[in-house]
Structure formats: structure tokens, C-alpha cells
Protein chains: 2
Amino acid sequence: MQIFTTVADFRAWRKQAGFVAFVPTMGNLHEGHLSLCDAAKARGGKVVVSIFVNPLQFGQGEDFNTYPRTFEDDCAKLAAVGVDAVFHPTVEQLYPRTEQQYKVEPPAIQNELCGQFRPGHFRGVATVVTKLFNIVQPDAAMFGKKDYQQLKVIEGMVADLDMPIEIVPVDTGRAADGLALSSRNGFLTEAERAEAPRLYRNLIAIKAALEAGATDFVKLTETARADLENHGWRVDYVEIRDQQRLEHARPGDREVVILAAARLGKPRLIDNLEVNL
Amino acid sequence: MQIFTTVADFRAWRKQAGFVAFVPTMGNLHEGHLSLCDAAKARGGKVVVSIFVNPLQFGQGEDFNTYPRTFEDDCAKLAAVGVDAVFHPTVEQLYPRTEQQYKVEPPAIQNELCGQFRPGHFRGVATVVTKLFNIVQPDAAMFGKKDYQQLKVIEGMVADLDMPIEIVPVDTGRAADGLALSSRNGFLTEAERAEAPRLYRNLIAIKAALEAGATDFVKLTETARADLENHGWRVDYVEIRDQQRLEHARPGDREVVILAAARLGKPRLIDNLEVNL
């Protein structure tokens, strides 16, 4: 497995690499990331993983400085699953000027759901992913459904800007008790970790109600919110949206997704569940 | 010479094309465009020219609808200079959704000089050029110095978003009397056409003064503005800026550029002149 820390070195390798499937990450890798690598590996070409904690997508007071950096462990895991190349640039490699001047601006959806609580986050994601795409030049790129809104922003950006890249959604990895795998789970205390699966259980309960014909979306999401708040969560949102555009779902919509974000102690956890009616 | 009107057909051809030098245009081609093609041809690979009048870079009340469309004449000229492929998409091919959702946002320079008089213009340029780059995937792309601010926006965008493309600036083509070649010159009456070279003459006068040691930039540009206004021009700006960032030039700067935009009758003409002191 080759490791590249500069854009120039990576580009030189890329010229000879043929078909590339790409998994962009911020490191601190868990089974969820490795399933993205498996999906990339299944494409038959070379697998490239980037590890870069992107300052542009963290807001004021967010956890950029404390975001876990575990590069050596990450590389051991990636080598074990057969990744071909790791691109691990410094901040100076990706942002050599004092600040990023040109940005990719997503539409209004960037200010809803998680965007409402993380101003500028999806602009930062769209911009760094564009930069990584321009450096890595992948034929396919894997994105987890765990970050559902991010997946939709990337899908929209690639279509709208005519990027010649296939975006491959990969199902969310989960612990045995249902908790979605996330780097931020490591910040949970033992008691919080035991409580954490409640988020997913509420999504499952809403899904069951929708499949049973419920159409009072506000009541469904408010019930979930109340259950979480009664157990010590601070809820950012629980919402039911359509899968394609992430607009508010309306009774009669067939392809919807339940999305939630809430804080349990220090970390902010997100999860979602698609429902095809 | 091959002509493509759909993204899919062009992409199929591109896969086999090898090194591509690209000249994006809005058609209505004149000698200035053909010198861009010559520069592209000199690179030794295939030459691709796009012809697309981009609605996204025209503002309210601008000349999108009347912008001259002369596709057959254009193709004859391009074939004569040995262009390999013309990409001539419909508006629906490049903007299949009701509106472009994701945009490339340039920094504050987009609101100065021409940007002050054409709100959103450089956002529209940056966005369509990104789309064309993602479709054409050129190794090099030629841009005329005539549209100096556009050239600087594209250079900045390519560097900042890590696009793997060499941007090649090409000198402005001029008529024998000095008037910069432009599609919009066709809108000039005979009398206006005779008057039009005054714009360039004023740039030359400022250049001579700078080379003679003048440092009162405001006086130099105000003198030019007065000369133009006294001869029936409505002047948007005459400014002296540094070549790299287009910031206001200061005495002592070595690489500056004089830029001007003014209306003579209906059309708005722009021109510029680099000065290396």
C-alpha cells in the first residue's frame, strides 16, 4: 500500500493507476469505513482512500482540534483490506493560500437539517470533495448513507457540475445493538454508549408506523423527539423527508427517509433510515 | 472535424482523444478566437472548441437573446484552422434541471471591475467553465487576455480547486487601428467604429505615462475617463491594478494592468493593457 502526502506525488502515481474507486475519509477508521473500502475493492480497479480532517467543514466551536487522528492504526486497517493507495495531505497541501478563495456553493438544502446547526458545513464538504476529486480523479467514489445529507449534496453536485464520477451509496454500518458506527461514538461515556441506540430505535418505530399507514409526520417525529429528550438527549431535529431532494415528505410520497441528529453528552450523533412505501 | 451536440456523444469521443487543448467560446468567431485555436493547435494534441452562449453569465437586461449566433460560419472557420472537434450543446444539455443548483463561487474580485456592472457574471462564468472542464477534460485550456478579469478568475479557480488543467493566456487580437477584436464590435455603427479605437489609445497613453515614471494613478485614469466622456462614451471604469490579484495598484508595483470598460452607443467594450515596469 502506497502512502502519499503531497498532491504532486499522488498525481504522478495516478497517471498509471487505471480505474480508481475512491473513499474520502477524515480517518479514525471503523468498520463503516472499511465497508466503503470493500465496496470500492469490488469494482476491480485500484482503491484510493484519502485521510484528511478538513478544517473548511468545521464551524466555530466545533471539534476540529479534538477530532481523533489515528493515522498509523488507520493505515494498518486499510492495508489489511487491500487498499492500494492512501492520500494523506497536510492542511498546507490542500490550502496553500491563506484561505480557500473559490468555493462550491450548494443550494438551499445546505441550510436545512444538519446545515441549520452547522453553518457553512456543506459548502466546506462540497469544496473539499471537489478538490479531492480533481486530485484523485476517481472513476467511482463511495459515500456512506450514514451521512445522508452529505451523500445527497455530493450526488447533486456531481450531476449539476457534470463531474465524470459515479457516486456509490453504501449502507450504514451498525453495532449489534443498532447504533450507527461513527468516529464520534468514541466520545461517549459507558452510560451514554448504553443509551445511544435509542436514536436508531426511534427511527425504527417511525418506520414501522409509516409502513402501517401513519401519515401524521409531525406527530411521529414529535413523539420520537419527546422520547429522546426524556432520556437526556438534546435533539437538533427528527424529520421525514423525500429521498431524492430532501424536501419535507408529504402523505403519498413513496420514497422517504427519516433523519435525526441529537446530542448525548458531548458528542452529536446522527442517523437515518430509508423507508420505501 | 467532428461536431457534438450532446454530453454523452462528446464523452465517448473524448475517451480516445489523448491530449486535448480546449478553447471555450460563445461563438460568433473572429480572428481573436482563431488565434486561441492556433495556440491550442501548437500543443500537438487534439483541439476542442466549445460554442455555447451561456445564459448563466448574462444578467437581467443584458444581451443574451441578441448575442450573435453564427454556428455554420463558425464551423467553417474552425475547420479551416484544423480544429478536431466542436462541442455545441443545447441549453438543455448543460442545464437539464430547471436551474443550476450548484455554483462555483469566486471571491470578492467577482464584484469589482466588470463584476460591479454585471452582478453574478463571474459566478456564471466560473460555473459554466467548471462544467465544460468536467465534460471536455482538457489537458490545457486557452483564454484570451482580452477578457482579463475572466482569465484571472479562471486561473484562480483552477489553482484553488486543484483542477488538473494548464491555463494558457493568449494575447488580445486587434484590428489595424488598435481596436480589440470582439463579437460585440459588430453592434457598432460606422461612426462608432471609427471612434472605437480611442479606448485603446487611452490605455497606450497611460502605459507611456507609467513607463515615464508617473505614479498619480487617479489622475491618469481620470484623464482617460474625461477624454472618453468628451467623445460620447459612457465609462464604467478605467483602473490600474496589479496583474496577479487585480488589487488596486500602488506606486512601486512592477507588474500592473490598465483595464477599461465603456459603452459607445449600444455595445459595451472592454480592453486592457499590461505594463511591466
# chains A, B, ... in the order shown; residues from 1 in each chain; ligands from 1
$ calpha_fit_and_write --fixed "chain B" --moving "chain A" --output "mmCIF file with C-alpha atoms, in the first residue's frame"
data_model
loop_
_atom_site.group_PDB
_atom_site.id
_atom_site.type_symbol
_atom_site.label_atom_id
_atom_site.label_comp_id
_atom_site.auth_asym_id
_atom_site.auth_seq_id
_atom_site.Cartn_x
_atom_site.Cartn_y
_atom_site.Cartn_z
ATOM 1 C CA MET A 1 -13.880 17.994 -37.853
ATOM 2 C CA GLN A 2 -16.429 16.335 -35.622
ATOM 3 C CA ILE A 3 -19.407 18.162 -34.160
ATOM 4 C CA PHE A 4 -21.023 17.009 -30.922
ATOM 5 C CA THR A 5 -24.271 18.332 -29.531
ATOM 6 C CA THR A 6 -24.696 16.009 -26.539
ATOM 7 C CA VAL A 7 -22.547 15.447 -23.486
ATOM 8 C CA ALA A 8 -22.717 11.669 -23.911
ATOM 9 C CA ASP A 9 -21.497 11.714 -27.523
ATOM 10 C CA PHE A 10 -18.680 14.077 -26.693
ATOM 11 C CA ARG A 11 -17.574 11.968 -23.702
ATOM 12 C CA ALA A 12 -17.444 8.849 -25.882
ATOM 13 C CA TRP A 13 -15.124 10.635 -28.336
ATOM 14 C CA ARG A 14 -13.013 12.122 -25.520
ATOM 15 C CA LYS A 15 -12.028 8.715 -24.162
ATOM 16 C CA GLN A 16 -9.875 8.059 -27.246
ATOM 17 C CA ALA A 17 -8.666 11.597 -27.903
ATOM 18 C CA GLY A 18 -5.415 11.684 -25.900
ATOM 19 C CA PHE A 19 -4.001 15.147 -25.143
ATOM 20 C CA VAL A 20 -6.686 17.809 -25.569
ATOM 21 C CA ALA A 21 -6.236 21.591 -25.761
ATOM 22 C CA PHE A 22 -9.543 23.367 -25.267
ATOM 23 C CA VAL A 23 -10.905 26.730 -26.403
ATOM 24 C CA PRO A 24 -14.255 27.624 -24.784
ATOM 25 C CA THR A 25 -16.200 30.226 -26.787
ATOM 26 C CA MET A 26 -19.662 31.705 -27.194
ATOM 27 C CA GLY A 27 -19.327 31.508 -30.988
ATOM 28 C CA ASN A 28 -19.523 34.400 -33.480
ATOM 29 C CA LEU A 29 -15.859 33.715 -34.006
ATOM 30 C CA HIS A 30 -13.311 36.281 -35.153
ATOM 31 C CA GLU A 31 -9.543 36.321 -35.596
ATOM 32 C CA GLY A 32 -9.088 36.601 -31.847
ATOM 33 C CA HIS A 33 -10.740 33.222 -31.306
ATOM 34 C CA LEU A 34 -8.765 31.704 -34.152
ATOM 35 C CA SER A 35 -5.510 32.787 -32.526
ATOM 36 C CA LEU A 36 -6.662 30.856 -29.436
ATOM 37 C CA CYS A 37 -7.162 27.857 -31.731
ATOM 38 C CA ASP A 38 -3.675 28.351 -33.171
ATOM 39 C CA ALA A 39 -2.225 28.350 -29.668
ATOM 40 C CA ALA A 40 -4.169 25.170 -28.929
ATOM 41 C CA LYS A 41 -3.036 23.558 -32.177
ATOM 42 C CA ALA A 42 0.583 24.323 -31.294
ATOM 43 C CA ARG A 43 0.317 21.945 -28.331
ATOM 44 C CA GLY A 44 0.387 18.982 -30.701
ATOM 45 C CA GLY A 45 -2.688 17.104 -29.480
ATOM 46 C CA LYS A 46 -6.345 17.369 -30.350
ATOM 47 C CA VAL A 47 -8.073 20.775 -30.372
ATOM 48 C CA VAL A 48 -11.592 21.032 -28.976
ATOM 49 C CA VAL A 49 -13.671 24.222 -29.280
ATOM 50 C CA SER A 50 -16.935 24.666 -27.434
ATOM 51 C CA ILE A 51 -19.593 27.011 -28.768
ATOM 52 C CA PHE A 52 -22.186 27.782 -26.124
ATOM 53 C CA VAL A 53 -23.925 31.048 -25.312
ATOM 54 C CA ASN A 54 -24.197 30.567 -21.571
ATOM 55 C CA PRO A 55 -27.362 32.072 -20.078
ATOM 56 C CA LEU A 56 -25.880 31.828 -16.569
ATOM 57 C CA GLN A 57 -23.338 34.598 -17.231
ATOM 58 C CA PHE A 58 -25.793 37.120 -18.661
ATOM 59 C CA GLY A 59 -27.622 39.422 -16.285
ATOM 60 C CA GLN A 60 -31.129 40.873 -16.439
ATOM 61 C CA GLY A 61 -31.341 43.254 -19.401
ATOM 62 C CA GLU A 62 -28.087 42.024 -20.914
ATOM 63 C CA ASP A 63 -27.772 40.816 -24.488
ATOM 64 C CA PHE A 64 -28.277 37.039 -24.106
ATOM 65 C CA ASN A 65 -31.110 36.907 -26.622
ATOM 66 C CA THR A 66 -29.436 39.166 -29.196
ATOM 67 C CA TYR A 67 -25.924 37.739 -28.761
ATOM 68 C CA PRO A 68 -24.952 36.788 -32.330
ATOM 69 C CA ARG A 69 -25.276 33.086 -33.175
ATOM 70 C CA THR A 70 -23.462 32.147 -36.378
ATOM 71 C CA PHE A 71 -22.831 28.440 -35.998
ATOM 72 C CA GLU A 72 -22.285 27.475 -39.638
ATOM 73 C CA ASP A 73 -19.836 30.299 -40.310
ATOM 74 C CA ASP A 74 -18.058 29.447 -37.074
ATOM 75 C CA CYS A 75 -17.637 25.808 -38.072
ATOM 76 C CA ALA A 76 -16.218 26.765 -41.474
ATOM 77 C CA LYS A 77 -13.595 28.928 -39.766
ATOM 78 C CA LEU A 78 -12.739 26.237 -37.221
ATOM 79 C CA ALA A 79 -12.401 23.531 -39.863
ATOM 80 C CA ALA A 80 -10.066 25.812 -41.835
ATOM 81 C CA VAL A 81 -7.674 26.177 -38.898
ATOM 82 C CA GLY A 82 -7.631 22.448 -38.199
ATOM 83 C CA VAL A 83 -9.831 22.106 -35.125
ATOM 84 C CA ASP A 84 -10.605 18.453 -34.344
ATOM 85 C CA ALA A 85 -13.895 18.663 -32.496
ATOM 86 C CA VAL A 86 -16.636 21.194 -31.793
ATOM 87 C CA PHE A 87 -18.814 20.791 -28.718
ATOM 88 C CA HIS A 88 -22.058 22.675 -29.305
ATOM 89 C CA PRO A 89 -24.562 21.657 -26.622
ATOM 90 C CA THR A 90 -28.083 22.956 -26.264
ATOM 91 C CA VAL A 91 -29.028 24.867 -23.138
ATOM 92 C CA GLU A 92 -30.977 21.765 -22.080
ATOM 93 C CA GLN A 93 -27.836 19.607 -22.338
ATOM 94 C CA LEU A 94 -25.894 21.802 -19.934
ATOM 95 C CA TYR A 95 -28.807 22.825 -17.722
ATOM 96 C CA PRO A 96 -31.169 19.835 -17.755
ATOM 97 C CA ARG A 97 -32.720 20.768 -14.427
ATOM 98 C CA THR A 98 -34.853 23.871 -14.125
ATOM 99 C CA GLU A 99 -31.933 25.816 -12.799
ATOM 100 C CA GLN A 100 -28.276 25.294 -11.978
ATOM 101 C CA GLN A 101 -28.241 24.379 -8.290
ATOM 102 C CA TYR A 102 -24.530 24.082 -7.494
ATOM 103 C CA LYS A 103 -22.331 27.034 -8.358
ATOM 104 C CA VAL A 104 -18.657 27.862 -8.193
ATOM 105 C CA GLU A 105 -18.357 31.000 -6.110
ATOM 106 C CA PRO A 106 -15.360 33.260 -6.820
ATOM 107 C CA PRO A 107 -13.995 35.571 -4.102
ATOM 108 C CA ALA A 108 -14.678 39.302 -3.771
ATOM 109 C CA ILE A 109 -12.886 40.195 -7.022
ATOM 110 C CA GLN A 110 -16.042 38.959 -8.783
ATOM 111 C CA ASN A 111 -17.810 42.127 -7.628
ATOM 112 C CA GLU A 112 -15.190 44.605 -8.835
ATOM 113 C CA LEU A 113 -14.292 45.985 -12.285
ATOM 114 C CA CYS A 114 -16.710 44.367 -14.764
ATOM 115 C CA GLY A 115 -18.323 42.464 -11.884
ATOM 116 C CA GLN A 116 -19.570 45.714 -10.405
ATOM 117 C CA PHE A 117 -21.597 46.336 -13.552
ATOM 118 C CA ARG A 118 -22.539 42.709 -14.230
ATOM 119 C CA PRO A 119 -23.713 41.139 -10.935
ATOM 120 C CA GLY A 120 -23.342 37.360 -10.979
ATOM 121 C CA HIS A 121 -21.410 37.366 -14.257
ATOM 122 C CA PHE A 122 -18.202 35.781 -12.943
ATOM 123 C CA ARG A 123 -20.100 33.239 -10.851
ATOM 124 C CA GLY A 124 -21.812 32.231 -14.090
ATOM 125 C CA VAL A 125 -18.509 32.096 -15.947
ATOM 126 C CA ALA A 126 -16.756 30.063 -13.228
ATOM 127 C CA THR A 127 -19.673 27.649 -13.046
ATOM 128 C CA VAL A 128 -20.033 27.006 -16.782
ATOM 129 C CA VAL A 129 -16.271 26.715 -17.262
ATOM 130 C CA THR A 130 -16.164 24.144 -14.448
ATOM 131 C CA LYS A 131 -18.946 22.207 -16.171
ATOM 132 C CA LEU A 132 -17.201 22.417 -19.551
ATOM 133 C CA PHE A 133 -13.890 21.362 -17.966
ATOM 134 C CA ASN A 134 -15.604 18.357 -16.376
ATOM 135 C CA ILE A 135 -17.091 17.356 -19.725
ATOM 136 C CA VAL A 136 -14.158 18.161 -22.032
ATOM 137 C CA GLN A 137 -11.449 17.153 -19.525
ATOM 138 C CA PRO A 138 -8.789 19.166 -21.295
ATOM 139 C CA ASP A 139 -5.079 18.995 -20.507
ATOM 140 C CA ALA A 140 -4.725 22.677 -21.441
ATOM 141 C CA ALA A 141 -7.259 25.459 -21.970
ATOM 142 C CA MET A 142 -6.748 28.730 -23.817
ATOM 143 C CA PHE A 143 -8.177 32.042 -22.575
ATOM 144 C CA GLY A 144 -7.736 35.443 -24.220
ATOM 145 C CA LYS A 145 -6.197 38.311 -22.305
ATOM 146 C CA LYS A 146 -8.933 40.464 -23.817
ATOM 147 C CA ASP A 147 -11.187 39.236 -21.015
ATOM 148 C CA TYR A 148 -8.506 39.858 -18.426
ATOM 149 C CA GLN A 149 -10.635 39.609 -15.314
ATOM 150 C CA GLN A 150 -12.176 36.387 -16.624
ATOM 151 C CA LEU A 151 -8.677 34.991 -17.238
ATOM 152 C CA LYS A 152 -7.671 35.807 -13.653
ATOM 153 C CA VAL A 153 -10.859 34.274 -12.239
ATOM 154 C CA ILE A 154 -10.246 31.066 -14.204
ATOM 155 C CA GLU A 155 -6.566 30.947 -13.192
ATOM 156 C CA GLY A 156 -7.537 31.436 -9.550
ATOM 157 C CA MET A 157 -10.298 28.839 -9.710
ATOM 158 C CA VAL A 158 -8.093 26.197 -11.322
ATOM 159 C CA ALA A 159 -5.354 26.720 -8.729
ATOM 160 C CA ASP A 160 -7.711 26.901 -5.774
ATOM 161 C CA LEU A 161 -9.857 23.900 -6.726
ATOM 162 C CA ASP A 162 -6.843 21.817 -7.866
ATOM 163 C CA MET A 163 -8.162 21.326 -11.382
ATOM 164 C CA PRO A 164 -5.520 19.373 -13.338
ATOM 165 C CA ILE A 165 -5.525 21.813 -16.264
ATOM 166 C CA GLU A 166 -2.906 24.200 -17.622
ATOM 167 C CA ILE A 167 -4.416 27.626 -18.311
ATOM 168 C CA VAL A 168 -2.739 29.332 -21.294
ATOM 169 C CA PRO A 169 -3.227 33.120 -21.666
ATOM 170 C CA VAL A 170 -3.295 34.351 -25.265
ATOM 171 C CA ASP A 171 -2.627 37.948 -26.355
ATOM 172 C CA THR A 172 -5.520 40.114 -27.489
ATOM 173 C CA GLY A 173 -6.136 40.225 -31.232
ATOM 174 C CA ARG A 174 -6.514 43.768 -32.592
ATOM 175 C CA ALA A 175 -7.688 45.476 -35.751
ATOM 176 C CA ALA A 176 -5.116 47.570 -37.630
ATOM 177 C CA ASP A 177 -6.262 50.693 -35.777
ATOM 178 C CA GLY A 178 -5.821 49.003 -32.401
ATOM 179 C CA LEU A 179 -9.422 48.146 -31.533
ATOM 180 C CA ALA A 180 -9.536 44.873 -29.622
ATOM 181 C CA LEU A 181 -11.392 42.194 -31.585
ATOM 182 C CA SER A 182 -14.757 41.409 -30.013
ATOM 183 C CA SER A 183 -18.033 39.872 -31.067
ATOM 184 C CA ARG A 184 -19.715 42.999 -29.781
ATOM 185 C CA ASN A 185 -17.882 45.235 -32.301
ATOM 186 C CA GLY A 186 -20.472 44.090 -34.815
ATOM 187 C CA PHE A 187 -23.065 46.190 -32.989
ATOM 188 C CA LEU A 188 -21.128 49.441 -33.632
ATOM 189 C CA THR A 189 -22.381 51.885 -36.263
ATOM 190 C CA GLU A 190 -19.851 53.055 -38.847
ATOM 191 C CA ALA A 191 -19.261 56.306 -36.977
ATOM 192 C CA GLU A 192 -18.886 54.473 -33.672
ATOM 193 C CA ARG A 193 -16.464 52.011 -35.244
ATOM 194 C CA ALA A 194 -14.265 54.956 -36.307
ATOM 195 C CA GLU A 195 -14.398 56.330 -32.768
ATOM 196 C CA ALA A 196 -13.865 52.976 -31.010
ATOM 197 C CA PRO A 197 -10.020 52.826 -31.100
ATOM 198 C CA ARG A 198 -9.963 55.748 -28.651
ATOM 199 C CA LEU A 199 -10.359 53.236 -25.826
ATOM 200 C CA TYR A 200 -7.075 51.501 -26.661
ATOM 201 C CA ARG A 201 -5.321 54.823 -27.398
ATOM 202 C CA ASN A 202 -6.084 55.922 -23.860
ATOM 203 C CA LEU A 203 -4.619 52.703 -22.471
ATOM 204 C CA ILE A 204 -1.466 53.314 -24.519
ATOM 205 C CA ALA A 205 -1.243 56.879 -23.223
ATOM 206 C CA ILE A 206 -1.475 55.666 -19.616
ATOM 207 C CA LYS A 207 1.121 52.996 -20.319
ATOM 208 C CA ALA A 208 3.515 55.599 -21.717
ATOM 209 C CA ALA A 209 2.993 57.810 -18.675
ATOM 210 C CA LEU A 210 3.623 54.887 -16.290
ATOM 211 C CA GLU A 211 6.792 53.962 -18.155
ATOM 212 C CA ALA A 212 7.877 57.608 -17.883
ATOM 213 C CA GLY A 213 7.520 57.354 -14.100
ATOM 214 C CA ALA A 214 4.045 58.726 -13.412
ATOM 215 C CA THR A 215 2.590 57.474 -10.121
ATOM 216 C CA ASP A 216 -0.608 59.518 -9.803
ATOM 217 C CA PHE A 217 -2.867 56.670 -10.884
ATOM 218 C CA VAL A 218 -6.080 58.535 -10.139
ATOM 219 C CA LYS A 219 -5.071 61.484 -12.314
ATOM 220 C CA LEU A 220 -4.053 59.172 -15.168
ATOM 221 C CA THR A 221 -7.303 57.249 -15.161
ATOM 222 C CA GLU A 222 -9.469 60.352 -14.666
ATOM 223 C CA THR A 223 -7.799 61.978 -17.676
ATOM 224 C CA ALA A 224 -8.634 58.948 -19.791
ATOM 225 C CA ARG A 225 -12.183 58.866 -18.482
ATOM 226 C CA ALA A 226 -12.657 62.558 -19.328
ATOM 227 C CA ASP A 227 -11.291 62.086 -22.849
ATOM 228 C CA LEU A 228 -13.697 59.214 -23.462
ATOM 229 C CA GLU A 229 -16.699 61.016 -21.984
ATOM 230 C CA ASN A 230 -15.898 64.119 -24.062
ATOM 231 C CA HIS A 231 -16.247 61.907 -27.127
ATOM 232 C CA GLY A 232 -19.596 60.361 -26.281
ATOM 233 C CA TRP A 233 -18.555 57.307 -24.282
ATOM 234 C CA ARG A 234 -20.273 56.260 -21.057
ATOM 235 C CA VAL A 235 -17.410 54.974 -18.974
ATOM 236 C CA ASP A 236 -17.867 52.110 -16.476
ATOM 237 C CA TYR A 237 -14.271 52.203 -15.262
ATOM 238 C CA VAL A 238 -10.663 52.943 -16.105
ATOM 239 C CA GLU A 239 -8.380 51.413 -13.483
ATOM 240 C CA ILE A 240 -4.803 50.389 -12.829
ATOM 241 C CA ARG A 241 -4.468 47.113 -10.958
ATOM 242 C CA ASP A 242 -1.769 44.572 -10.173
ATOM 243 C CA GLN A 243 -1.634 41.720 -12.666
ATOM 244 C CA GLN A 244 -1.756 38.822 -10.225
ATOM 245 C CA ARG A 245 -4.589 39.599 -7.839
ATOM 246 C CA LEU A 246 -6.220 42.540 -9.613
ATOM 247 C CA GLU A 247 -5.870 44.593 -6.453
ATOM 248 C CA HIS A 248 -5.557 48.376 -6.813
ATOM 249 C CA ALA A 249 -2.033 49.099 -7.990
ATOM 250 C CA ARG A 250 0.239 51.052 -5.692
ATOM 251 C CA PRO A 251 3.265 53.136 -6.644
ATOM 252 C CA GLY A 252 6.201 50.736 -6.735
ATOM 253 C CA ASP A 253 4.211 47.808 -8.199
ATOM 254 C CA ARG A 254 6.141 46.346 -11.134
ATOM 255 C CA GLU A 255 3.524 44.231 -12.916
ATOM 256 C CA VAL A 256 0.350 46.194 -13.448
ATOM 257 C CA VAL A 257 -2.513 46.191 -15.915
ATOM 258 C CA ILE A 258 -4.699 49.056 -17.105
ATOM 259 C CA LEU A 259 -8.299 47.944 -17.534
ATOM 260 C CA ALA A 260 -11.208 49.831 -19.028
ATOM 261 C CA ALA A 261 -14.856 49.256 -19.891
ATOM 262 C CA ALA A 262 -17.123 51.786 -21.591
ATOM 263 C CA ARG A 263 -20.218 51.952 -23.744
ATOM 264 C CA LEU A 264 -20.137 53.529 -27.166
ATOM 265 C CA GLY A 265 -23.701 53.656 -28.422
ATOM 266 C CA LYS A 266 -25.249 50.266 -27.717
ATOM 267 C CA PRO A 267 -22.337 47.912 -27.149
ATOM 268 C CA ARG A 268 -20.155 47.818 -24.062
ATOM 269 C CA LEU A 269 -16.481 47.515 -25.019
ATOM 270 C CA ILE A 270 -13.676 46.337 -22.744
ATOM 271 C CA ASP A 271 -9.924 46.415 -23.188
ATOM 272 C CA ASN A 272 -6.757 46.226 -21.132
ATOM 273 C CA LEU A 273 -3.016 46.579 -21.407
ATOM 274 C CA GLU A 274 -0.342 44.994 -19.265
ATOM 275 C CA VAL A 275 2.586 47.161 -18.188
ATOM 276 C CA ASN A 276 5.771 45.657 -16.776
ATOM 277 C CA LEU A 277 7.764 48.438 -15.129
#
$ select_by_dssp --residues "stretch 94-265 of chain B" --states "alpha helix (DSSP H)" --output "number ranges by chain"
B: 94, 114-117, 121-136, 148-160, 190-195, 198-211, 217-230
$ select_by_dssp --residues "stretch 162-276 of chain A" --states "strand (DSSP E)" --output "VMD selection string"
chain A and resid 166 to 170 234 to 242 255 to 263 268 to 276
